[in-house]
Amino acid sequence: MEIEIGKFYAMDHENAKGEIETNVVHVLGIRDNFEIEVEKQFYLTETMFLINGKLDSIYKNDWLGCFFKREGTTEEIDLFLQSKESNPELKEWAELVVGSLIK
């Protein structure tokens with residue numbers, strides 16, 4: 001699949017509890033400032049994480065394009081845009097993980 005800047009992509013999988021986890025990814029650009037040589041292309045993204053179709057979190061992070069399995073659906077894109085509108089200052093994924101470990 002050819003990855004285009006500005007488009008939405010998604011990937012789904014079933015977790016150990018039998019829930020469907022979906023990452024809906026908005027591609028913002030290409031990561032090009034690595035200090036080491038990287039063989040694959042990383043993309044700067046904003047990611048919405050759904051569990052059984054319900055919003056769990058939305059954050060900034062990088063993805064390898066090879067993980068994108070399909071284009072985002074109209075419903076997923078609409079939910080992403082609504083969620084982003086109510087939370088315009090997204091945290092980095094690492095900030096969310098560290099924050100959840102501290103609680």
# chains A, B, ... in the order shown; residues from 1 in each chain; ligands from 1
>>> residues_around(residues="A:Thr22", least_positions_apart="2", cutoff="7 Å", atoms="only C-alpha atoms", output="VMD selection string")
chain A and resid 10 to 13 20 24 49 to 51
>>> select_by_dssp(residues="chain A", states="alpha helix (DSSP H)", output="NGL selection string")
:A and (74-86 or 93-102)
>>> closest_atom_pairs(of="stretch 7-47 of chain A", to="stretch 72-93 of chain A", cutoff="9 Å", atoms="only C-alpha atoms", output="Markdown table")
| residue | atom | partner | partner_atom | distance |
| --- | --- | --- | --- | --- |
| A:Lys7 | CA | A:Gly72 | CA | 8.3 |
| A:Phe8 | CA | A:Gly72 | CA | 5.1 |
| A:Tyr9 | CA | A:Gly72 | CA | 4.6 |
| A:Ala10 | CA | A:Gly72 | CA | 5.2 |
| A:Met11 | CA | A:Gly72 | CA | 8.6 |
| A:Val24 | CA | A:Gly72 | CA | 6.4 |
| A:Val25 | CA | A:Gly72 | CA | 7.8 |
| A:His26 | CA | A:Phe80 | CA | 8.7 |
| A:Glu46 | CA | A:Leu90 | CA | 8.0 |
| A:Thr47 | CA | A:Phe80 | CA | 8.4 |
>>> residues_around(residues="A:Arg31", least_positions_apart="2", cutoff="6 Å", atoms="only C-alpha atoms", output="ChimeraX atom specification")
/A:42-44
>>> closest_residue(among="A:Asn15, A:Lys60, A:Met48, A:Lys69", to="A:Glu95", atoms="only C-alpha atoms")
A:Lys60
>>> select_by_dssp(residues="chain A", states="strand (DSSP E)", output="PyMOL selection string")
chain A and resi 8-14+20-30+42-51+54-64+70-71
>>> residues_around(residues="A:Met1", least_positions_apart="2", cutoff="12 Å", atoms="only C-alpha atoms", output="list in words")
Ile3, Glu4, Tyr9, Gly65, Cys66, Phe67, Phe68, Lys69, Arg70 and Glu71 of chain A
>>> atom_distance(atom1="atom CA of A:Gln41", atom2="atom CA of A:Leu96")
24.0 Å
>>> atom_distance(atom1="atom CA of A:Ala16", atom2="atom CA of A:Asp56")
16.7 Å
>>> closest_residue(among="A:Asp32, A:Glu21, A:Glu2, A:Glu14", to="A:Lys54", atoms="only C-alpha atoms")
A:Glu21
>>> closest_residue(among="A:Leu28, A:Ala94, A:Ile58, A:Leu64", to="A:Gly6", atoms="only C-alpha atoms")
A:Leu28
